[in-house]
>>> print(open('work-v4.txt').read())   # compact mmCIF, C-alpha atoms
# COMPACT_ATOMS: atom_id res chain seq x y z
CA MET A 257 -2.39 -19.65 8.78
CA ASN A 258 -1.51 -16.21 9.99
CA PRO A 259 -3.49 -13.69 7.89
CA LEU A 260 -0.75 -11.11 8.40
CA LEU A 261 1.56 -13.19 6.26
CA ASN A 262 -0.62 -12.58 3.24
CA GLN A 263 -0.67 -8.80 3.27
CA PRO A 264 2.65 -7.58 1.91
CA THR A 265 4.64 -4.69 3.27
CA ARG A 266 4.27 -1.59 1.11
CA ILE A 267 7.53 0.18 0.42
CA LEU A 268 8.68 3.36 -1.29
CA ALA A 269 12.08 3.13 -2.98
CA ILE A 270 13.79 6.32 -4.11
CA ASP A 271 16.84 6.84 -6.27
CA PRO A 272 18.04 10.46 -6.67
CA THR A 273 19.10 11.86 -10.05
CA SER A 274 20.78 15.13 -10.99
CA LYS A 275 17.36 16.77 -11.46
CA GLY A 276 15.14 15.02 -8.96
CA PHE A 277 14.54 11.35 -8.26
CA GLY A 278 13.08 8.14 -9.60
CA PHE A 279 10.73 6.16 -7.39
CA THR A 280 8.80 2.92 -7.16
CA VAL A 281 6.05 1.87 -4.77
CA MET A 282 5.75 -1.88 -4.24
CA GLU A 283 3.56 -4.30 -2.33
CA GLY A 284 5.73 -7.37 -2.31
CA PRO A 285 8.51 -8.42 -4.68
CA GLU A 286 6.12 -8.99 -7.58
CA LYS A 287 3.62 -6.16 -7.25
CA LEU A 288 4.50 -2.74 -8.55
CA ILE A 289 1.99 -0.10 -7.46
CA ASP A 290 3.44 3.09 -8.92
CA TRP A 291 6.63 4.34 -10.51
CA GLY A 292 7.96 7.49 -12.09
CA VAL A 293 10.46 10.33 -12.12
CA LYS A 294 9.96 13.50 -10.10
CA HIS A 295 11.66 16.70 -11.21
CA ALA A 296 12.91 19.18 -8.68
CA GLY A 297 14.23 21.69 -11.22
CA SER A 298 17.75 23.01 -10.95
CA GLY A 299 19.53 25.27 -8.51
CA SER A 300 20.03 25.16 -4.79
CA PRO A 301 16.55 24.31 -3.40
CA ARG A 302 16.59 21.04 -5.38
CA ASN A 303 16.97 18.85 -2.32
CA ARG A 304 14.24 20.70 -0.47
CA LYS A 305 11.85 20.26 -3.41
CA SER A 306 12.77 16.58 -3.69
CA VAL A 307 12.06 16.04 0.01
CA ALA A 308 8.68 17.79 -0.39
CA GLN A 309 7.83 15.56 -3.35
CA ALA A 310 8.90 12.44 -1.45
CA SER A 311 6.73 13.58 1.44
CA GLY A 312 3.78 13.80 -0.99
CA LEU A 313 4.39 10.21 -2.07
CA ILE A 314 4.53 9.06 1.56
CA VAL A 315 1.19 10.75 2.29
CA ARG A 316 -0.39 9.27 -0.83
CA TYR A 317 0.87 5.70 -0.49
CA ARG A 318 1.42 5.33 3.27
CA PRO A 319 4.40 2.96 2.87
CA GLU A 320 5.87 1.17 5.86
CA VAL A 321 9.44 1.28 4.68
CA LEU A 322 11.53 3.80 2.77
CA VAL A 323 14.31 2.17 0.74
CA VAL A 324 17.29 4.21 -0.45
CA GLU A 325 20.85 3.61 -1.54
CA HIS A 326 23.45 2.90 1.15
CA THR A 327 25.76 5.85 0.52
CA SER A 328 28.40 4.82 3.04
CA ALA A 329 28.74 1.36 1.55
CA LYS A 330 31.94 0.43 -0.21
CA GLY A 331 31.96 1.42 -3.88
CA CYS A 332 29.28 4.14 -3.61
CA ARG A 333 30.16 6.98 -6.00
CA ARG A 334 27.35 9.39 -5.16
CA ARG A 335 28.12 13.11 -5.06
CA ALA A 336 27.85 15.17 -1.88
CA ARG A 337 24.47 16.73 -2.79
CA VAL A 338 22.89 13.31 -3.36
CA ARG A 339 24.35 12.02 -0.10
CA ARG A 340 22.79 15.00 1.68
CA LEU A 341 19.46 14.34 -0.06
CA ILE A 342 19.46 10.70 1.01
CA LYS A 343 20.22 11.80 4.56
CA SER A 344 17.27 14.22 4.41
CA LEU A 345 15.06 11.43 3.09
CA LEU A 346 16.06 9.25 6.03
CA THR A 347 15.12 12.10 8.37
CA LEU A 348 11.81 12.43 6.53
CA ALA A 349 11.20 8.71 7.05
CA ARG A 350 11.74 9.15 10.78
CA GLN A 351 9.30 12.09 10.84
CA HIS A 352 6.65 9.95 9.16
CA ARG A 353 7.49 7.02 11.47
CA LEU A 354 8.60 4.81 8.60
CA ARG A 355 11.29 2.22 8.81
CA ALA A 356 14.21 3.02 6.57
CA ARG A 357 16.38 0.53 4.78
CA ARG A 358 19.60 1.29 2.95
CA ILE A 359 20.66 -1.02 0.14
CA SER A 360 24.11 -0.92 -1.42
CA ARG A 361 24.40 -0.88 -5.19
CA GLN A 362 27.11 -3.54 -4.90
CA SER A 363 24.67 -5.93 -3.25
CA VAL A 364 22.15 -5.35 -6.05
CA LEU A 365 24.77 -6.03 -8.73
CA ARG A 366 26.00 -9.08 -6.81
CA SER A 367 22.48 -10.45 -6.54
CA PHE A 368 21.69 -9.87 -10.21
CA GLY A 369 25.17 -11.00 -11.19
CA GLN A 370 24.06 -14.50 -10.32
CA SER A 371 21.54 -14.23 -13.17
CA SER A 372 24.09 -12.85 -15.65
CA ALA A 373 22.99 -9.21 -15.17
CA ALA A 374 26.18 -7.50 -14.12
CA ASN A 375 25.63 -3.82 -14.89
CA LYS A 376 22.85 -1.29 -14.32
CA TYR A 377 21.43 -1.71 -17.80
CA ARG A 378 21.40 -5.51 -17.61
CA VAL A 379 19.69 -5.25 -14.21
CA ALA A 380 17.08 -2.95 -15.78
CA VAL A 381 16.51 -5.40 -18.66
CA THR A 382 16.12 -8.30 -16.19
CA LEU A 383 13.64 -6.28 -14.12
CA THR A 384 11.66 -5.40 -17.25
CA GLU A 385 11.18 -9.11 -17.89
CA GLN A 386 9.69 -9.39 -14.41
CA PHE A 387 7.69 -6.14 -14.66
CA PRO A 388 6.64 -5.82 -18.35
CA GLU A 389 4.66 -2.64 -17.55
CA LEU A 390 8.03 -0.90 -17.31
CA ALA A 391 9.15 -1.89 -20.82
CA PRO A 392 8.08 1.45 -22.38
CA HIS A 393 10.27 3.27 -19.84
CA LEU A 394 13.44 1.30 -20.52
CA PRO A 395 15.89 3.71 -22.17
CA PRO A 396 18.31 2.56 -24.88
CA GLU A 397 21.63 1.26 -23.63
CA ARG A 398 23.94 4.10 -22.68
CA LYS A 399 26.93 4.71 -24.92
CA LEU A 400 30.33 5.95 -23.82
CA GLY A 401 30.17 9.73 -23.31
CA ASP A 402 26.36 9.85 -23.05
CA SER A 403 24.84 11.15 -19.85
CA GLU A 404 22.51 8.76 -18.10
CA ASP A 405 18.84 8.79 -19.05
CA GLU A 406 16.81 9.95 -16.04
CA ARG A 407 14.40 7.01 -16.49
CA MET A 408 17.19 4.70 -15.30
CA ALA A 409 16.40 6.04 -11.82
CA ILE A 410 13.06 4.18 -11.94
CA PHE A 411 14.93 0.92 -12.53
CA ASP A 412 17.51 1.74 -9.87
CA ALA A 413 14.75 2.44 -7.35
CA LEU A 414 13.04 -0.79 -8.41
CA SER A 415 16.24 -2.76 -7.99
CA PHE A 416 16.60 -1.39 -4.42
CA GLY A 417 12.97 -2.29 -3.69
CA TRP A 418 13.37 -5.75 -5.16
CA MET A 419 16.58 -6.23 -3.18
CA PHE A 420 14.80 -5.14 0.00
CA TYR A 421 12.30 -7.99 -0.34
CA GLN A 422 15.07 -10.50 -1.11
CA THR A 423 17.01 -9.39 1.98
CA MET A 424 13.90 -9.55 4.16
CA ARG A 425 13.04 -13.00 2.89
CA ARG A 426 16.57 -14.19 3.66
CA GLU A 427 16.52 -12.61 7.15
CA ALA A 428 13.06 -14.01 7.90
CA ARG A 429 14.25 -17.47 6.86
CA ALA A 430 17.37 -17.20 9.03
CA LEU A 431 15.37 -16.02 12.06
CA SER A 432 12.76 -18.75 11.65
CA LEU A 433 15.58 -21.30 11.76
CA HIS A 434 16.42 -19.89 15.19
CA GLY A 435 12.76 -19.86 16.23
CA GLU A 436 12.61 -16.06 16.41
CA PRO A 437 9.83 -13.91 14.90
CA ALA A 438 10.71 -12.31 11.56
CA PRO A 439 11.23 -8.53 11.49
CA PHE A 440 8.97 -8.23 8.42
CA PRO A 441 6.97 -11.46 8.36
CA ASN A 442 5.31 -10.54 5.09
CA ALA A 443 8.27 -9.34 3.07
CA MET B 172 1.42 -5.48 7.40
CA SER B 173 0.23 -2.67 5.13
CA ALA B 174 -3.48 -1.98 4.82
CA PRO B 175 -4.53 -1.93 1.17
CA LEU B 176 -4.84 1.45 -0.51
CA GLU B 177 -8.36 2.75 -0.99
CA SER B 178 -7.91 2.69 -4.76
CA TYR B 179 -5.50 1.03 -7.18
CA LEU B 180 -6.84 2.86 -10.24
CA ARG B 181 -3.54 4.56 -10.94
CA THR B 182 -1.68 1.24 -10.79
CA TYR B 183 -4.03 -0.45 -13.26
CA ARG B 184 -4.12 2.58 -15.57
CA LYS B 185 -0.33 2.81 -15.70
CA ARG B 186 -0.03 -0.95 -16.20
CA SER B 187 -2.35 -0.74 -19.19
CA GLY B 188 -0.38 2.19 -20.59
CA PHE B 189 -3.38 4.57 -20.87
CA SER B 190 -3.07 8.26 -20.11
CA GLN B 191 -5.62 9.92 -17.82
CA ASP B 192 -7.14 11.69 -20.87
CA GLU B 193 -7.58 8.37 -22.68
CA VAL B 194 -9.30 6.78 -19.69
CA ALA B 195 -11.48 9.89 -19.41
CA PHE B 196 -12.45 9.45 -23.06
CA LEU B 197 -13.38 5.81 -22.40
CA LEU B 198 -15.51 6.97 -19.48
CA GLY B 199 -17.21 9.50 -21.74
CA SER B 200 -15.68 12.42 -19.88
CA ALA B 201 -14.15 15.55 -21.35
CA SER B 202 -10.82 15.67 -19.50
CA GLY B 203 -8.40 13.56 -17.53
CA GLN B 204 -8.89 15.82 -14.52
CA ARG B 205 -11.79 13.65 -13.37
CA VAL B 206 -9.64 10.51 -13.57
CA SER B 207 -6.91 12.31 -11.65
CA ARG B 208 -9.41 13.09 -8.87
CA TYR B 209 -10.45 9.44 -8.67
CA GLU B 210 -6.80 8.38 -8.52
CA CYS B 211 -5.97 10.90 -5.80
CA ARG B 212 -9.07 9.81 -3.88
CA ALA B 213 -10.35 13.39 -4.01
CA ARG B 214 -13.57 12.08 -5.54
CA ARG B 215 -15.38 8.72 -5.51
CA PRO B 216 -16.72 7.34 -8.78
CA THR B 217 -20.40 6.58 -9.30
CA LEU B 218 -21.46 2.96 -9.68
CA GLU B 219 -21.59 3.39 -13.48
CA THR B 220 -18.04 4.77 -13.53
CA ALA B 221 -16.77 2.04 -11.19
CA LEU B 222 -18.24 -0.59 -13.51
CA ALA B 223 -16.68 1.17 -16.50
CA PHE B 224 -13.30 0.92 -14.72
CA GLU B 225 -13.92 -2.79 -14.19
CA ALA B 226 -14.64 -3.15 -17.92
CA ILE B 227 -11.62 -1.08 -19.01
CA PHE B 228 -9.06 -2.75 -16.74
CA GLN B 229 -10.78 -6.17 -16.71
CA THR B 230 -10.35 -6.25 -12.98
CA PRO B 231 -13.16 -6.62 -10.40
CA VAL B 232 -14.23 -3.41 -8.67
CA LYS B 233 -13.36 -4.89 -5.28
CA GLN B 234 -9.78 -5.31 -6.47
CA LEU B 235 -9.59 -1.82 -8.01
CA PHE B 236 -10.89 -0.31 -4.76
CA ALA B 237 -9.39 -2.90 -2.38
CA GLY B 238 -9.10 -0.61 0.65
CA LEU B 239 -12.57 0.81 0.21
CA TYR B 240 -14.00 -2.68 -0.27
CA GLN B 241 -12.29 -3.86 2.93
CA LYS B 242 -13.80 -0.96 4.88
CA VAL B 243 -17.29 -1.48 3.45
CA GLU B 244 -17.07 -5.22 4.15
CA LYS B 245 -15.95 -4.61 7.74
CA ASP B 246 -18.80 -2.17 8.38
CA THR B 247 -21.31 -4.58 6.83
CA ILE B 248 -20.05 -7.46 8.97
CA ALA B 249 -20.56 -5.34 12.08
CA ARG B 250 -24.15 -4.61 11.02
CA ALA B 251 -24.68 -8.28 10.13
CA ARG B 252 -23.72 -9.23 13.70
CA VAL B 253 -26.31 -6.81 15.08
CA LEU B 254 -28.98 -8.18 12.73
CA THR B 255 -28.07 -11.77 13.70
CA GLU B 256 -28.52 -10.91 17.38
CA LYS B 257 -31.89 -9.30 16.64
CA LEU B 258 -33.05 -12.31 14.64
CA ASN B 259 -31.84 -14.73 17.29
CA ALA B 260 -33.89 -12.85 19.87
CA ALA B 261 -37.01 -13.01 17.69
CA ARG B 262 -39.33 -15.97 17.23
CA LEU B 263 -37.65 -18.55 15.00
CA ASP B 264 -39.76 -19.35 11.96
CA ARG B 265 -38.73 -20.65 8.54
CA ILE B 266 -38.00 -17.24 7.02
CA THR B 267 -35.89 -16.16 10.05
CA ALA B 268 -33.94 -19.40 9.84
CA ARG B 269 -33.32 -18.67 6.17
CA LYS B 270 -32.04 -15.16 6.99
CA LEU B 271 -29.75 -16.58 9.68
CA VAL B 272 -28.26 -19.06 7.21
CA ALA B 273 -27.64 -16.20 4.73
CA LEU B 274 -25.97 -14.09 7.44
CA GLN B 275 -23.85 -17.03 8.58
CA SER B 276 -22.73 -17.71 5.01
CA PHE B 277 -21.88 -14.00 4.52
CA ALA B 278 -19.86 -13.92 7.77
CA ALA B 279 -17.99 -17.10 6.78
CA SER B 280 -17.19 -15.72 3.32
CA ALA B 281 -15.98 -12.42 4.78
CA GLU B 282 -13.81 -14.34 7.24
CA THR B 283 -12.27 -16.30 4.35
CA HIS B 284 -11.50 -13.04 2.48
CA ALA B 285 -9.90 -11.55 5.55
CA HIS B 286 -7.57 -14.52 5.84
CA ARG B 287 -6.71 -14.69 2.13
>>> encode(input="work-v4.txt", output="structure tokens")
Amino acid sequence: MNPLLNQPTRILAIDPTSKGFGFTVMEGPEKLIDWGVKHAGSGSPRNRKSVAQASGLIVRYRPEVLVVEHTSAKGCRRRARVRRLIKSLLTLARQHRLRARRISRQSVLRSFGQSSAANKYRVAVTLTEQFPELAPHLPPERKLGDSEDERMAIFDALSFGWMFYQTMRREARALSLHGEPAPFPNA
Amino acid sequence: MSAPLESYLRTYRKRSGFSQDEVAFLLGSASGQRVSRYECRARRPTLETALAFEAIFQTPVKQLFAGLYQKVEKDTIARARVLTEKLNAARLDRITARKLVALQSFAASAETHAHR
């Protein structure tokens, strides 16, 4: 057996919020290493502060892949500042020689839709069943007119990370059918 | 493939729901600053503290400090090879044969861990 197959790829998934970003660090689809919300304050240098904080996480956890939302995918409703931040994060990934992977929110909802989780909150509830350590962070369901709880960004980042491993698994399976080596054999 | 992190203390602490101050209290320390330094790998715990972490998180030390364990194991294997060569060059008596068996068993076990 190839020993490399047993050591999972470590990833950092980031989901920007209006005040900073939520993040998760994972080693495989079932192992959550760290999670949290980083605040970048308010005002114009917000993106710069967020990038500096993301850089700190990269140095601390040495991930191989940075996972963010696919902002040019159909149905993405992210504002211009967040799109710029995600672009800066992709540049940061290149500077740290990380692979970057963009995941569309639609694909996450589609994937969870198969298990009757069709909105962000239902996705978060489903993920909490898989990662019970996140249960204390699950905010109450959002009501009409309420602004989104910033802790939802942890679950959004987690859903991107989880989706990354599902995609990799699918791609690895497809490539192995064609006898080609998988891009991430351990995902 | 990602090499394991030197320490997974933060992961296990957050999983258990404890704050750094609470873990510090369990360790008999005054503030969570010390725990923070262990988590950031700015400081290495003593053997007593490492064993206290094992007791608190009910996880073996080698799992809590997976990256560090891997490094220590690798270095020890390298030294075991040197010792094996030395022993092989020496006169083979019963005690040397016993040492060689122990070294062989250690190397085999380390190999198994590396492939797991």
>>> closest_residue(input="work-v4.txt", among="B:Ile227, B:Ala281, B:Leu254, B:Ala261", to="Arg184 of chain B", atoms="only C-alpha atoms")
B:Ile227
>>> atom_distance(input="work-v4.txt", atom1="atom CA of Leu176 of chain B", atom2="atom CA of Leu235 of chain B")
9.5 Å
>>> atom_distance(input="work-v4.txt", atom1="atom CA of Gly331 of chain A", atom2="atom CA of Arg398 of chain A")
20.6 Å
>>> residues_around(input="work-v4.txt", residues="segment 308-319 of chain A", least_positions_apart="3", cutoff="7 Å", atoms="all atoms listed in the file", output="count of residues only")
5
>>> atom_distance(input="work-v4.txt", atom1="atom CA of Lys343 of chain A", atom2="atom CA of Ala413 of chain A")
16.1 Å
>>> residues_around(input="work-v4.txt", residues="Val307 of chain A", least_positions_apart="3", cutoff="12 Å", atoms="only C-alpha atoms", output="list of chain:residue names")
A:Ile270, A:Pro272, A:Gly276, A:Phe277, A:Lys294, A:His295, A:Ala296, A:Pro301, A:Arg302, A:Asn303, A:Arg304, A:Ala310, A:Ser311, A:Gly312, A:Leu313, A:Ile314, A:Val338, A:Arg340, A:Leu341, A:Ile342, A:Lys343, A:Ser344, A:Leu345, A:Leu346, A:Thr347, A:Leu348, A:Ala349, A:Gln351
>>> interface_residues(input="work-v4.txt", of="chain B", to="chain A", cutoff="12 Å", atoms="only C-alpha atoms", output="number ranges by chain")
B: 172-189, 210-213, 235, 237-238, 282-287
>>> closest_residue(input="work-v4.txt", among="A:His326, A:Arg335, A:His434, A:His393", to="Ser360 of chain A", atoms="all atoms listed in the file")
A:His326
>>> closest_residue(input="work-v4.txt", among="A:Gly278, A:Gly292, A:Gly297, A:Gly417", to="Ala356 of chain A", atoms="all atoms listed in the file")
A:Gly417
>>> closest_residue(input="work-v4.txt", among="B:Val272, B:Ala279, B:Thr230, B:Phe224", to="Ile248 of chain B", atoms="all atoms listed in the file")
B:Ala279
>>> closest_residue(input="work-v4.txt", among="A:Met419, A:Val364, A:Val381, A:Val324", to="Pro395 of chain A", atoms="only C-alpha atoms")
A:Val381
>>> closest_residue(input="work-v4.txt", among="A:Lys376, A:Arg337, A:Lys330, A:Arg357", to="Met424 of chain A", atoms="only C-alpha atoms")
A:Arg357
>>> build_atoms(input="work-v4.txt", residues="segment 328-348 of chain A", atoms="N, CA and C atoms", output="mmCIF file, keeping the file's coordinate frame")
data_model
loop_
_atom_site.group_PDB
_atom_site.id
_atom_site.type_symbol
_atom_site.label_atom_id
_atom_site.label_comp_id
_atom_site.auth_asym_id
_atom_site.auth_seq_id
_atom_site.Cartn_x
_atom_site.Cartn_y
_atom_site.Cartn_z
ATOM 1 N N SER A 328 27.091 5.037 2.398
ATOM 2 C CA SER A 328 28.400 4.820 3.040
ATOM 3 C C SER A 328 28.944 3.419 2.769
ATOM 4 N N ALA A 329 28.237 2.695 1.899
ATOM 5 C CA ALA A 329 28.740 1.360 1.550
ATOM 6 C C ALA A 329 29.935 1.476 0.616
ATOM 7 N N LYS A 330 30.735 0.444 0.627
ATOM 8 C CA LYS A 330 31.940 0.430 -0.210
ATOM 9 C C LYS A 330 31.537 0.498 -1.697
ATOM 10 N N GLY A 331 32.212 1.348 -2.435
ATOM 11 C CA GLY A 331 31.960 1.420 -3.880
ATOM 12 C C GLY A 331 30.907 2.440 -4.269
ATOM 13 N N CYS A 332 30.304 3.142 -3.283
ATOM 14 C CA CYS A 332 29.280 4.140 -3.610
ATOM 15 C C CYS A 332 29.969 5.390 -4.164
ATOM 16 N N ARG A 333 29.512 5.841 -5.354
ATOM 17 C CA ARG A 333 30.160 6.980 -6.000
ATOM 18 C C ARG A 333 29.221 8.187 -6.081
ATOM 19 N N ARG A 334 28.316 8.300 -5.135
ATOM 20 C CA ARG A 334 27.350 9.390 -5.160
ATOM 21 C C ARG A 334 27.987 10.708 -4.744
ATOM 22 N N ARG A 335 27.564 11.796 -5.406
ATOM 23 C CA ARG A 335 28.120 13.110 -5.060
ATOM 24 C C ARG A 335 27.549 13.613 -3.744
ATOM 25 N N ALA A 336 28.190 14.677 -3.229
ATOM 26 C CA ALA A 336 27.850 15.170 -1.880
ATOM 27 C C ALA A 336 26.380 15.601 -1.795
ATOM 28 N N ARG A 337 25.861 16.260 -2.857
ATOM 29 C CA ARG A 337 24.470 16.730 -2.790
ATOM 30 C C ARG A 337 23.508 15.552 -2.652
ATOM 31 N N VAL A 338 23.769 14.487 -3.410
ATOM 32 C CA VAL A 338 22.890 13.310 -3.360
ATOM 33 C C VAL A 338 22.977 12.642 -1.984
ATOM 34 N N ARG A 339 24.181 12.606 -1.436
ATOM 35 C CA ARG A 339 24.350 12.020 -0.100
ATOM 36 C C ARG A 339 23.534 12.810 0.929
ATOM 37 N N ARG A 340 23.575 14.152 0.761
ATOM 38 C CA ARG A 340 22.790 15.000 1.680
ATOM 39 C C ARG A 340 21.295 14.747 1.486
ATOM 40 N N LEU A 341 20.893 14.588 0.219
ATOM 41 C CA LEU A 341 19.460 14.340 -0.060
ATOM 42 C C LEU A 341 19.022 13.025 0.575
ATOM 43 N N ILE A 342 19.837 12.005 0.437
ATOM 44 C CA ILE A 342 19.460 10.700 1.010
ATOM 45 C C ILE A 342 19.370 10.808 2.539
ATOM 46 N N LYS A 343 20.275 11.599 3.103
ATOM 47 C CA LYS A 343 20.220 11.800 4.560
ATOM 48 C C LYS A 343 18.916 12.509 4.951
ATOM 49 N N SER A 344 18.539 13.505 4.143
ATOM 50 C CA SER A 344 17.270 14.220 4.410
ATOM 51 C C SER A 344 16.083 13.292 4.259
ATOM 52 N N LEU A 345 16.167 12.382 3.290
ATOM 53 C CA LEU A 345 15.060 11.430 3.090
ATOM 54 C C LEU A 345 14.941 10.489 4.283
ATOM 55 N N LEU A 346 16.089 10.127 4.851
ATOM 56 C CA LEU A 346 16.060 9.250 6.030
ATOM 57 C C LEU A 346 15.439 9.992 7.221
ATOM 58 N N THR A 347 15.735 11.289 7.315
ATOM 59 C CA THR A 347 15.120 12.100 8.370
ATOM 60 C C THR A 347 13.616 12.183 8.148
ATOM 61 N N LEU A 348 13.231 12.369 6.874
ATOM 62 C CA LEU A 348 11.810 12.430 6.530
ATOM 63 C C LEU A 348 11.098 11.136 6.929
#
